[in-house]
>>> print(open('final_30.cif').read())   # mmCIF, C-alpha atoms
data_my_file
#
loop_
_atom_site.group_PDB
_atom_site.id
_atom_site.type_symbol
_atom_site.label_atom_id
_atom_site.label_comp_id
_atom_site.auth_asym_id
_atom_site.auth_seq_id
_atom_site.Cartn_x
_atom_site.Cartn_y
_atom_site.Cartn_z
ATOM 1 C CA MET E 1 -23.660 -27.651 23.313
ATOM 2 C CA SER E 2 -22.226 -24.691 25.122
ATOM 3 C CA ASP E 3 -23.524 -21.691 23.185
ATOM 4 C CA LYS E 4 -26.282 -20.684 25.546
ATOM 5 C CA ALA E 5 -26.016 -16.937 25.138
ATOM 6 C CA PRO E 6 -29.406 -15.322 25.722
ATOM 7 C CA ALA E 7 -30.906 -13.251 22.930
ATOM 8 C CA GLN E 8 -30.680 -10.122 25.032
ATOM 9 C CA GLU E 9 -27.376 -9.783 26.758
ATOM 10 C CA SER E 10 -27.734 -9.041 30.447
ATOM 11 C CA SER E 11 -25.492 -6.431 32.030
ATOM 12 C CA LYS E 12 -23.709 -9.238 33.918
ATOM 13 C CA ALA E 13 -23.073 -11.123 30.685
ATOM 14 C CA LYS E 14 -21.797 -7.964 29.033
ATOM 15 C CA LYS E 15 -19.445 -7.389 31.962
ATOM 16 C CA ARG E 16 -18.084 -10.945 31.652
ATOM 17 C CA ARG E 17 -17.546 -10.570 27.921
ATOM 18 C CA GLU E 18 -15.789 -7.252 28.378
ATOM 19 C CA SER E 19 -13.580 -8.618 31.149
ATOM 20 C CA MET E 20 -12.053 -11.029 28.604
ATOM 21 C CA ASN E 21 -10.969 -8.012 26.593
ATOM 22 C CA SER E 22 -9.219 -6.552 29.643
ATOM 23 C CA ILE E 23 -6.583 -9.307 29.341
ATOM 24 C CA PRO E 24 -4.453 -8.155 26.397
ATOM 25 C CA HIS E 25 -3.342 -11.585 25.223
ATOM 26 C CA SER E 26 -6.814 -13.111 25.543
ATOM 27 C CA ALA E 27 -8.171 -10.286 23.410
ATOM 28 C CA GLU E 28 -5.343 -10.806 20.909
ATOM 29 C CA LEU E 29 -6.186 -14.509 20.603
ATOM 30 C CA GLY E 30 -9.880 -13.653 20.256
ATOM 31 C CA ILE E 31 -10.896 -15.657 23.351
ATOM 32 C CA GLU E 32 -14.622 -15.320 24.074
ATOM 33 C CA PHE E 33 -16.628 -16.058 27.176
ATOM 34 C CA VAL E 34 -19.335 -18.637 26.400
ATOM 35 C CA CYS E 35 -21.079 -19.546 29.655
ATOM 36 C CA ARG E 36 -20.622 -20.428 33.307
ATOM 37 C CA ASP E 37 -22.388 -22.145 36.152
ATOM 38 C CA ASP E 38 -21.665 -22.337 39.880
ATOM 39 C CA THR E 39 -18.439 -24.316 39.475
ATOM 40 C CA SER E 40 -17.273 -24.061 35.880
ATOM 41 C CA ALA E 41 -16.561 -21.669 33.027
ATOM 42 C CA THR E 42 -16.553 -22.250 29.258
ATOM 43 C CA LEU E 43 -14.462 -20.138 26.898
ATOM 44 C CA LYS E 44 -13.788 -20.422 23.188
ATOM 45 C CA ILE E 45 -11.153 -19.425 20.634
ATOM 46 C CA PRO E 46 -12.391 -18.863 17.090
ATOM 47 C CA TYR E 47 -10.130 -20.414 14.422
ATOM 48 C CA LYS E 48 -7.597 -17.980 12.965
ATOM 49 C CA LYS E 49 -4.796 -18.650 10.491
ATOM 50 C CA GLU E 50 -2.306 -16.822 12.735
ATOM 51 C CA LEU E 51 -2.761 -19.580 15.319
ATOM 52 C CA ILE E 52 -1.693 -22.459 13.065
ATOM 53 C CA GLY E 53 0.997 -24.668 14.557
ATOM 54 C CA ASN E 54 1.321 -27.215 11.777
ATOM 55 C CA PRO E 55 1.582 -25.533 8.362
ATOM 56 C CA LEU E 56 1.127 -28.935 6.692
ATOM 57 C CA ASN E 57 -2.459 -29.458 7.822
ATOM 58 C CA GLY E 58 -3.587 -26.158 9.342
ATOM 59 C CA THR E 59 -4.146 -27.425 12.895
ATOM 60 C CA VAL E 60 -3.765 -24.850 15.645
ATOM 61 C CA HIS E 61 -0.618 -24.829 17.777
ATOM 62 C CA GLY E 62 -0.577 -26.674 21.086
ATOM 63 C CA GLY E 63 0.314 -23.318 22.636
ATOM 64 C CA VAL E 64 -3.106 -22.001 21.624
ATOM 65 C CA VAL E 65 -4.748 -24.942 23.380
ATOM 66 C CA LEU E 66 -2.590 -24.193 26.453
ATOM 67 C CA SER E 67 -3.570 -20.513 26.413
ATOM 68 C CA LEU E 68 -7.252 -21.422 26.205
ATOM 69 C CA ILE E 69 -6.883 -23.881 29.110
ATOM 70 C CA ASP E 70 -4.957 -21.370 31.249
ATOM 71 C CA SER E 71 -7.558 -18.683 30.556
ATOM 72 C CA ALA E 72 -10.566 -20.928 31.220
ATOM 73 C CA CYS E 73 -8.999 -22.262 34.428
ATOM 74 C CA GLY E 74 -8.170 -18.731 35.555
ATOM 75 C CA ARG E 75 -11.789 -17.736 34.966
ATOM 76 C CA ALA E 76 -13.171 -20.804 36.771
ATOM 77 C CA VAL E 77 -10.807 -20.201 39.719
ATOM 78 C CA PHE E 78 -12.482 -16.837 40.247
ATOM 79 C CA ILE E 79 -15.897 -18.526 40.176
ATOM 80 C CA ALA E 80 -14.701 -21.015 42.823
ATOM 81 C CA LEU E 81 -13.206 -18.307 45.029
ATOM 82 C CA LYS E 82 -16.398 -16.217 45.070
ATOM 83 C CA THR E 83 -14.495 -13.130 46.235
ATOM 84 C CA PRO E 84 -11.650 -11.697 44.103
ATOM 85 C CA GLU E 85 -8.133 -12.801 45.086
ATOM 86 C CA THR E 86 -4.712 -12.683 43.488
ATOM 87 C CA ILE E 87 -3.821 -16.056 42.003
ATOM 88 C CA ALA E 88 -0.788 -17.560 40.286
ATOM 89 C CA THR E 89 -0.581 -20.697 38.104
ATOM 90 C CA LEU E 90 1.691 -23.224 39.823
ATOM 91 C CA ASP E 91 1.638 -25.955 37.231
ATOM 92 C CA LEU E 92 -0.304 -27.273 34.306
ATOM 93 C CA ARG E 93 -0.448 -30.751 32.815
ATOM 94 C CA VAL E 94 -2.055 -31.415 29.454
ATOM 95 C CA ASP E 95 -2.748 -34.666 27.609
ATOM 96 C CA TYR E 96 -3.266 -34.161 23.886
ATOM 97 C CA PHE E 97 -5.684 -36.779 22.537
ATOM 98 C CA LYS E 98 -5.914 -35.657 18.923
ATOM 99 C CA PRO E 99 -5.127 -32.557 16.858
ATOM 100 C CA ALA E 100 -7.790 -29.875 16.592
ATOM 101 C CA LYS E 101 -9.627 -29.829 13.273
ATOM 102 C CA PRO E 102 -8.714 -26.834 11.091
ATOM 103 C CA GLU E 103 -11.282 -24.093 10.422
ATOM 104 C CA GLN E 104 -13.210 -24.917 13.621
ATOM 105 C CA ASP E 105 -13.519 -23.089 16.938
ATOM 106 C CA LEU E 106 -12.064 -24.559 20.129
ATOM 107 C CA TYR E 107 -13.993 -24.701 23.406
ATOM 108 C CA CYS E 108 -12.637 -25.247 26.894
ATOM 109 C CA VAL E 109 -14.685 -26.008 29.985
ATOM 110 C CA ALA E 110 -12.783 -25.683 33.255
ATOM 111 C CA GLU E 111 -13.895 -26.509 36.778
ATOM 112 C CA CYS E 112 -12.522 -26.422 40.275
ATOM 113 C CA TYR E 113 -12.577 -29.889 41.841
ATOM 114 C CA LYS E 114 -10.900 -29.006 45.123
ATOM 115 C CA LEU E 115 -10.386 -25.736 46.919
ATOM 116 C CA THR E 116 -8.090 -25.525 49.930
ATOM 117 C CA ARG E 117 -6.937 -22.544 51.984
ATOM 118 C CA SER E 118 -3.892 -21.975 49.788
ATOM 119 C CA VAL E 119 -4.365 -23.968 46.588
ATOM 120 C CA VAL E 120 -7.062 -24.328 43.915
ATOM 121 C CA PHE E 121 -7.109 -27.655 42.014
ATOM 122 C CA MET E 122 -8.557 -27.412 38.525
ATOM 123 C CA ARG E 123 -9.406 -29.683 35.642
ATOM 124 C CA ALA E 124 -10.311 -28.750 32.100
ATOM 125 C CA VAL E 125 -11.353 -30.322 28.823
ATOM 126 C CA VAL E 126 -10.850 -28.901 25.313
ATOM 127 C CA TYR E 127 -13.215 -29.936 22.521
ATOM 128 C CA GLN E 128 -14.678 -28.902 19.188
ATOM 129 C CA ASP E 129 -17.957 -30.614 18.159
ATOM 130 C CA ASP E 130 -18.392 -32.998 21.055
ATOM 131 C CA ILE E 131 -17.319 -32.659 24.686
ATOM 132 C CA ASP E 132 -17.315 -36.481 24.933
ATOM 133 C CA ASP E 133 -14.709 -36.686 22.173
ATOM 134 C CA PRO E 134 -12.208 -34.136 23.506
ATOM 135 C CA ILE E 135 -9.007 -32.826 21.953
ATOM 136 C CA ALA E 136 -7.173 -32.394 25.221
ATOM 137 C CA SER E 137 -7.597 -32.803 28.938
ATOM 138 C CA SER E 138 -5.785 -30.928 31.654
ATOM 139 C CA VAL E 139 -5.202 -30.687 35.388
ATOM 140 C CA SER E 140 -3.632 -27.613 36.929
ATOM 141 C CA THR E 141 -3.048 -25.977 40.282
ATOM 142 C CA PHE E 142 -3.269 -22.334 41.233
ATOM 143 C CA MET E 143 -1.894 -20.708 44.337
ATOM 144 C CA ARG E 144 -3.989 -18.249 46.306
ATOM 145 C CA THR E 145 -1.314 -15.603 46.792
ATOM 146 C CA SER E 146 -3.352 -13.385 49.107
ATOM 147 C CA VAL E 147 -3.822 -16.193 51.661
ATOM 148 C CA GLN E 148 -1.029 -16.710 54.209
ATOM 149 C CA MET G 1 -5.605 -39.893 14.343
ATOM 150 C CA SER G 2 -3.050 -37.248 13.626
ATOM 151 C CA ASP G 3 -2.622 -37.743 9.912
ATOM 152 C CA GLN G 4 -5.591 -35.741 8.811
ATOM 153 C CA THR G 5 -5.989 -34.903 5.180
ATOM 154 C CA PRO G 6 -5.779 -31.145 4.722
ATOM 155 C CA SER G 7 -9.144 -29.457 4.262
ATOM 156 C CA GLU G 8 -10.136 -28.769 0.680
ATOM 157 C CA GLN G 9 -9.851 -25.016 0.931
ATOM 158 C CA ASN G 10 -6.294 -24.616 2.057
ATOM 159 C CA PRO G 11 -5.626 -21.230 3.610
ATOM 160 C CA PRO G 12 -2.519 -19.571 2.156
ATOM 161 C CA GLU G 13 -0.492 -20.418 5.264
ATOM 162 C CA GLN G 14 -0.873 -24.104 4.527
ATOM 163 C CA VAL G 15 1.556 -25.845 2.273
ATOM 164 C CA GLU G 16 1.609 -29.277 0.706
ATOM 165 C CA THR G 17 5.017 -30.466 1.776
ATOM 166 C CA ILE G 18 7.954 -29.086 3.732
ATOM 167 C CA ASP G 19 11.455 -30.448 3.436
ATOM 168 C CA PHE G 20 12.352 -29.916 7.079
ATOM 169 C CA SER G 21 15.854 -31.369 6.849
ATOM 170 C CA THR G 22 16.874 -29.047 3.988
ATOM 171 C CA LEU G 23 15.239 -26.047 5.663
ATOM 172 C CA PHE G 24 17.013 -26.626 8.953
ATOM 173 C CA SER G 25 20.368 -27.682 7.531
ATOM 174 C CA ASN G 26 20.405 -24.491 5.424
ATOM 175 C CA ALA G 27 19.637 -22.489 8.575
ATOM 176 C CA ARG G 28 22.406 -24.246 10.483
ATOM 177 C CA GLN G 29 24.972 -23.725 7.729
ATOM 178 C CA THR G 30 24.185 -20.108 6.908
ATOM 179 C CA GLY G 31 23.189 -18.945 10.393
ATOM 180 C CA ASN G 32 20.199 -17.265 8.760
ATOM 181 C CA TYR G 33 17.068 -18.420 10.550
ATOM 182 C CA ASP G 34 14.523 -16.229 8.740
ATOM 183 C CA ALA G 35 12.892 -19.101 6.823
ATOM 184 C CA VAL G 36 12.726 -21.202 9.980
ATOM 185 C CA ASN G 37 11.230 -18.340 11.997
ATOM 186 C CA GLU G 38 8.508 -17.902 9.376
ATOM 187 C CA LEU G 39 7.655 -21.612 9.336
ATOM 188 C CA ILE G 40 5.036 -21.752 12.095
ATOM 189 C CA PRO G 41 2.326 -19.040 11.964
ATOM 190 C CA TYR G 42 1.669 -19.147 15.738
ATOM 191 C CA ALA G 43 5.388 -18.761 16.548
ATOM 192 C CA HIS G 44 5.461 -15.765 14.223
ATOM 193 C CA PHE G 45 2.310 -14.422 15.943
ATOM 194 C CA LEU G 46 4.078 -14.534 19.344
ATOM 195 C CA GLY G 47 7.289 -13.092 17.855
ATOM 196 C CA ILE G 48 9.466 -16.131 18.678
ATOM 197 C CA ARG G 49 12.966 -16.206 17.129
ATOM 198 C CA LEU G 50 15.426 -19.053 16.831
ATOM 199 C CA ASP G 51 19.013 -18.093 17.629
ATOM 200 C CA HIS G 52 21.998 -19.958 19.020
ATOM 201 C CA ASP G 53 24.436 -19.514 21.885
ATOM 202 C CA GLU G 54 28.271 -19.606 21.737
ATOM 203 C CA ASP G 55 28.314 -23.416 21.580
ATOM 204 C CA GLY G 56 25.875 -23.456 18.687
ATOM 205 C CA THR G 57 23.056 -24.788 20.871
ATOM 206 C CA PRO G 58 19.629 -23.547 19.723
ATOM 207 C CA LEU G 59 18.432 -20.669 21.887
ATOM 208 C CA PHE G 60 14.873 -19.420 21.608
ATOM 209 C CA VAL G 61 13.996 -15.768 22.117
ATOM 210 C CA LEU G 62 10.586 -14.313 22.933
ATOM 211 C CA PRO G 63 10.890 -10.519 22.641
ATOM 212 C CA PHE G 64 8.607 -8.547 24.912
ATOM 213 C CA ASP G 65 5.389 -7.486 23.232
ATOM 214 C CA PRO G 66 2.518 -5.726 25.073
ATOM 215 C CA LYS G 67 0.034 -8.012 23.326
ATOM 216 C CA ASN G 68 1.502 -11.014 25.206
ATOM 217 C CA ILE G 69 0.503 -9.628 28.607
ATOM 218 C CA GLY G 70 -1.906 -11.724 30.689
ATOM 219 C CA ASN G 71 -1.934 -9.714 33.906
ATOM 220 C CA THR G 72 -1.982 -5.953 33.556
ATOM 221 C CA HIS G 73 -1.614 -5.306 37.314
ATOM 222 C CA LEU G 74 1.820 -6.902 37.824
ATOM 223 C CA PRO G 75 2.308 -6.736 34.754
ATOM 224 C CA ALA G 76 3.117 -10.312 33.647
ATOM 225 C CA ILE G 77 3.272 -12.318 30.439
ATOM 226 C CA HIS G 78 0.250 -14.612 29.893
ATOM 227 C CA GLY G 79 0.847 -18.157 31.192
ATOM 228 C CA GLY G 80 -0.395 -19.472 27.850
ATOM 229 C CA VAL G 81 2.238 -17.448 25.997
ATOM 230 C CA ILE G 82 5.000 -18.904 28.182
ATOM 231 C CA ALA G 83 3.603 -22.413 27.675
ATOM 232 C CA GLY G 84 3.279 -21.869 23.920
ATOM 233 C CA PHE G 85 6.843 -20.522 23.798
ATOM 234 C CA LEU G 86 8.147 -23.640 25.602
ATOM 235 C CA GLU G 87 6.201 -26.042 23.397
ATOM 236 C CA ASN G 88 7.311 -24.276 20.240
ATOM 237 C CA ALA G 89 10.936 -24.290 21.426
ATOM 238 C CA ALA G 90 10.773 -28.064 21.922
ATOM 239 C CA ILE G 91 9.252 -28.621 18.458
ATOM 240 C CA MET G 92 11.858 -26.419 16.761
ATOM 241 C CA HIS G 93 14.672 -27.989 18.764
ATOM 242 C CA LEU G 94 13.673 -31.484 17.610
ATOM 243 C CA LEU G 95 13.506 -30.328 13.993
ATOM 244 C CA TYR G 96 16.810 -28.453 14.326
ATOM 245 C CA ALA G 97 18.542 -31.448 15.879
ATOM 246 C CA MET G 98 17.124 -33.590 13.036
ATOM 247 C CA GLU G 99 15.396 -35.806 15.567
ATOM 248 C CA SER G 100 12.236 -35.789 13.436
ATOM 249 C CA SER G 101 11.635 -35.533 9.718
ATOM 250 C CA THR G 102 8.173 -34.043 10.183
ATOM 251 C CA MET G 103 6.372 -31.841 12.720
ATOM 252 C CA PRO G 104 6.701 -33.526 16.148
ATOM 253 C CA LYS G 105 3.252 -34.009 17.693
ATOM 254 C CA PRO G 106 2.830 -33.265 21.389
ATOM 255 C CA ILE G 107 1.463 -36.165 23.434
ATOM 256 C CA ASN G 108 1.502 -34.534 26.831
ATOM 257 C CA CYS G 109 3.258 -31.920 28.908
ATOM 258 C CA ASN G 110 3.946 -30.812 32.452
ATOM 259 C CA ILE G 111 4.621 -27.132 32.873
ATOM 260 C CA ASP G 112 5.878 -25.629 36.132
ATOM 261 C CA TYR G 113 5.511 -21.896 36.564
ATOM 262 C CA LEU G 114 8.334 -20.808 38.846
ATOM 263 C CA ARG G 115 8.271 -17.009 38.645
ATOM 264 C CA SER G 116 6.042 -14.509 36.937
ATOM 265 C CA GLY G 117 7.102 -13.531 33.423
ATOM 266 C CA ARG G 118 8.045 -9.884 33.653
ATOM 267 C CA PRO G 119 7.554 -7.595 30.646
ATOM 268 C CA ILE G 120 11.055 -8.169 29.254
ATOM 269 C CA GLU G 121 12.720 -10.551 26.781
ATOM 270 C CA THR G 122 12.426 -14.275 27.610
ATOM 271 C CA TYR G 123 14.785 -17.097 26.584
ATOM 272 C CA ALA G 124 14.431 -20.864 26.383
ATOM 273 C CA LYS G 125 16.714 -23.835 25.864
ATOM 274 C CA CYS G 126 15.847 -27.496 25.383
ATOM 275 C CA GLU G 127 17.426 -30.785 26.203
ATOM 276 C CA VAL G 128 16.359 -34.041 24.580
ATOM 277 C CA THR G 129 16.290 -36.268 27.656
ATOM 278 C CA LYS G 130 15.477 -39.383 25.704
ATOM 279 C CA GLN G 131 15.203 -39.957 21.998
ATOM 280 C CA GLY G 132 13.372 -43.135 21.140
ATOM 281 C CA ARG G 133 12.367 -44.394 17.732
ATOM 282 C CA ARG G 134 8.857 -42.963 17.983
ATOM 283 C CA ILE G 135 8.835 -40.878 21.146
ATOM 284 C CA ALA G 136 11.068 -38.022 22.268
ATOM 285 C CA ASN G 137 11.187 -36.743 25.837
ATOM 286 C CA VAL G 138 12.251 -33.091 25.932
ATOM 287 C CA SER G 139 12.849 -30.818 28.888
ATOM 288 C CA ILE G 140 12.701 -27.069 28.408
ATOM 289 C CA LYS G 141 13.827 -24.241 30.645
ATOM 290 C CA ALA G 142 12.884 -20.572 30.344
ATOM 291 C CA TRP G 143 14.481 -17.538 31.984
ATOM 292 C CA GLN G 144 14.687 -13.792 31.568
ATOM 293 C CA ASP G 145 17.632 -11.592 32.648
ATOM 294 C CA ASN G 146 19.213 -14.236 34.910
ATOM 295 C CA PRO G 147 19.738 -17.790 33.547
ATOM 296 C CA ASP G 148 19.922 -19.075 37.134
ATOM 297 C CA LYS G 149 16.435 -17.817 37.886
ATOM 298 C CA LEU G 150 14.090 -19.881 35.753
ATOM 299 C CA ILE G 151 10.605 -18.500 35.205
ATOM 300 C CA ALA G 152 9.259 -21.823 33.911
ATOM 301 C CA SER G 153 10.323 -25.366 33.140
ATOM 302 C CA ALA G 154 8.505 -28.081 31.248
ATOM 303 C CA ARG G 155 8.695 -31.704 30.232
ATOM 304 C CA TYR G 156 7.143 -32.865 26.989
ATOM 305 C CA HIS G 157 6.574 -36.145 25.198
ATOM 306 C CA PHE G 158 6.394 -35.895 21.432
ATOM 307 C CA LYS G 159 5.561 -38.404 18.761
ATOM 308 C CA VAL G 160 8.359 -38.130 16.210
ATOM 309 C CA THR G 161 9.106 -39.600 12.803
ATOM 310 C CA PRO G 162 12.757 -40.602 12.495
ATOM 311 C CA GLU G 163 14.797 -39.403 9.520
ATOM 312 C CA ALA G 164 14.503 -41.913 6.721
#
>>> encode(input="final_30.cif", output="structure tokens")
Amino acid sequence: MSDKAPAQESSKAKKRRESMNSIPHSAELGIEFVCRDDTSATLKIPYKKELIGNPLNGTVHGGVVLSLIDSACGRAVFIALKTPETIATLDLRVDYFKPAKPEQDLYCVAECYKLTRSVVFMRAVVYQDDIDDPIASSVSTFMRTSVQ
Amino acid sequence: MSDQTPSEQNPPEQVETIDFSTLFSNARQTGNYDAVNELIPYAHFLGIRLDHDEDGTPLFVLPFDPKNIGNTHLPAIHGGVIAGFLENAAIMHLLYAMESSTMPKPINCNIDYLRSGRPIETYAKCEVTKQGRRIANVSIKAWQDNPDKLIASARYHFKVTPEA
């Protein structure tokens, strides 16, 4: 699946992992960097009881799914931009297909599907065991605030 | 789909049944929302409180907490925290207004980020735009020190279970 971490962590990989911890709320949620390629980034949130949204069945809150999507999209925007820029989330749409299974980690893969001079268009998928049987799907737009 | 059986090893936060109508009608009558605020672990994790304004309309409060920061340069509250706050407000509002006898399940949402969330207290209010038999359409608005300057607004569809 998406856990392709090499046995020996490269300095680049270490830097990416540590950069997640530089975002206080991402660190608080326990968001981890999983992998990336030229256009996409994959992050995960390990299951924690604090993140439960439905006390009747132990599924995580939709807000946790939203935070994971926002974080993964933010990360993938930086991959798409190549050089660092200030960005701001304009909007985010999410379709929830099914509740996340309790006691299991959540993964989100986000990619840029269109980059313009002022806007970055993103899509993302959230899944647990199987990316082809996702929990949620999302489209979002980010504004490049440093571009006039 | 959504009616999963709870896993065999229930963590302590999980409970078998919740009488939402009693819980919320007690809160409405006594004005003590402690039990309601403790209901959802993630809402407790973010520090969300249910309150009400002068008219008795539910008002949701997200106190500032450094752990909710997403951008340390501005600084600004994490977009996921704002989204989670809005979604939770809508869920609680539906339960409070007795529009659902069990946890409303989100179907989809559209969130507009209008201004950055500064490191101060944030408020949210909901309006049930349409209440159907199975689906509720809720719009949510969030602001900080000035109610006329929204920092985010959202529209949600929820699957609800009408009161028996």
>>> resolve_selection(input="final_30.cif", expression="the PyMOL selection byres ((chain G and resi 81-92) around 8)", output="number ranges by chain")
E: 61-64, 66-67; G: 43, 46, 48, 60, 62, 68, 77-80, 93-96, 103-104, 111, 117, 124-126, 138-142, 152, 154, 156
>>> atom_distance(input="final_30.cif", atom1="CA of Ile45 in chain E", atom2="CA of Ser138 in chain E")
16.8 Å
>>> closest_residue(input="final_30.cif", among="E:Tyr107, E:Phe33, E:Tyr113, E:Phe78", to="Val139 in chain E", atoms="all atoms listed in the file")
E:Tyr113
>>> closest_residue(input="final_30.cif", among="G:Asp34, G:Asp145, G:Glu163, G:Glu16", to="Ser101 in chain G", atoms="all atoms listed in the file")
G:Glu163
>>> closest_atom_pairs(input="final_30.cif", of="chain E", to="chain G", cutoff="8 Å", atoms="all atoms listed in the file", output="CSV")
residue,atom,partner,partner_atom,distance
E:Ile23,CA,G:Gly70,CA,5.4
E:Pro24,CA,G:Lys67,CA,5.4
E:His25,CA,G:Asn68,CA,4.9
E:Ser26,CA,G:Gly70,CA,7.2
E:Glu28,CA,G:Lys67,CA,6.5
E:Lys49,CA,G:Glu13,CA,7.0
E:Glu50,CA,G:Pro41,CA,5.2
E:Leu51,CA,G:Tyr42,CA,4.5
E:Ile52,CA,G:Pro41,CA,5.4
E:Gly53,CA,G:Ile40,CA,5.6
E:Asn54,CA,G:Ile40,CA,6.6
E:Pro55,CA,G:Gln14,CA,4.8
E:Leu56,CA,G:Val15,CA,5.4
E:Asn57,CA,G:Pro6,CA,4.8
E:Gly58,CA,G:Gln14,CA,5.9
E:Val60,CA,G:Tyr42,CA,7.9
E:His61,CA,G:Tyr42,CA,6.5
E:Gly62,CA,G:Gly84,CA,6.8
E:Gly63,CA,G:Gly84,CA,3.5
E:Val64,CA,G:Gly84,CA,6.8
E:Leu66,CA,G:Gly80,CA,5.4
E:Ser67,CA,G:Gly80,CA,3.6
E:Leu68,CA,G:Gly80,CA,7.3
E:Ile69,CA,G:Gly80,CA,7.9
E:Asp70,CA,G:Gly80,CA,6.0
E:Ser71,CA,G:Gly80,CA,7.7
E:Thr89,CA,G:Tyr113,CA,6.4
E:Leu90,CA,G:Tyr113,CA,5.2
E:Asp91,CA,G:Asp112,CA,4.4
E:Leu92,CA,G:Ile111,CA,5.1
E:Arg93,CA,G:Asn110,CA,4.4
E:Val94,CA,G:Cys109,CA,5.4
E:Asp95,CA,G:Asn108,CA,4.3
E:Tyr96,CA,G:Ile107,CA,5.2
E:Phe97,CA,G:Ile107,CA,7.2
E:Lys98,CA,G:Ser2,CA,6.2
E:Pro99,CA,G:Ser2,CA,6.1
E:Pro102,CA,G:Ser7,CA,7.3
>>> resolve_selection(input="final_30.cif", expression="the PyMOL selection byres ((chain E and resi 47) around 6)", output="VMD selection string")
chain E and resid 46 48 103 to 105
>>> residues_near_point(input="final_30.cif", point="(9.4, -45.6, 18.1)", cutoff="10 Å", atoms="only C-alpha atoms", output="PDB file with C-alpha atoms, keeping the file's coordinate frame")
ATOM      1  CA  GLN G 131      15.203 -39.957  21.998  1.00  0.00           C
ATOM      2  CA  GLY G 132      13.372 -43.135  21.140  1.00  0.00           C
ATOM      3  CA  ARG G 133      12.367 -44.394  17.732  1.00  0.00           C
ATOM      4  CA  ARG G 134       8.857 -42.963  17.983  1.00  0.00           C
ATOM      5  CA  ILE G 135       8.835 -40.878  21.146  1.00  0.00           C
ATOM      6  CA  ALA G 136      11.068 -38.022  22.268  1.00  0.00           C
ATOM      7  CA  LYS G 159       5.561 -38.404  18.761  1.00  0.00           C
ATOM      8  CA  VAL G 160       8.359 -38.130  16.210  1.00  0.00           C
ATOM      9  CA  THR G 161       9.106 -39.600  12.803  1.00  0.00           C
ATOM     10  CA  PRO G 162      12.757 -40.602  12.495  1.00  0.00           C
TER      11      PRO G 162
END
>>> atom_distance(input="final_30.cif", atom1="CA of Glu85 in chain E", atom2="CA of Leu74 in chain G")
13.7 Å
>>> resolve_selection(input="final_30.cif", expression="the PyMOL selection byres ((chain E and resi 116) around 12)", output="list in words")
Val77, Ala80, Leu81, Cys112, Tyr113, Lys114, Leu115, Arg117, Ser118, Val119, Val120, Phe121, Met122, Thr141, Phe142, Met143, Arg144 and Val147 of chain E
>>> atom_distance(input="final_30.cif", atom1="CA of Leu59 in chain G", atom2="CA of Glu127 in chain G")
11.0 Å
>>> axis_aligned_box(input="final_30.cif", around="range 58-76 of chain G", padding_each_side="5 Å", output="JSON")
{"center_x": 8.8, "center_y": -14.4, "center_z": 28.8, "size_x": 31.6, "size_y": 28.2, "size_z": 28.1}
>>> closest_residue(input="final_30.cif", among="G:Phe158, G:Phe20, G:Tyr123, G:Trp143", to="Val61 in chain G", atoms="only C-alpha atoms")
G:Tyr123
>>> closest_residue(input="final_30.cif", among="E:Thr42, E:Asp37, E:Thr83, E:Ser146", to="Ile131 in chain E", atoms="only C-alpha atoms")
E:Thr42
>>> closest_residue(input="final_30.cif", among="G:Gly56, G:Asp51, G:Gln144, G:Tyr33", to="Glu121 in chain G", atoms="only C-alpha atoms")
G:Gln144
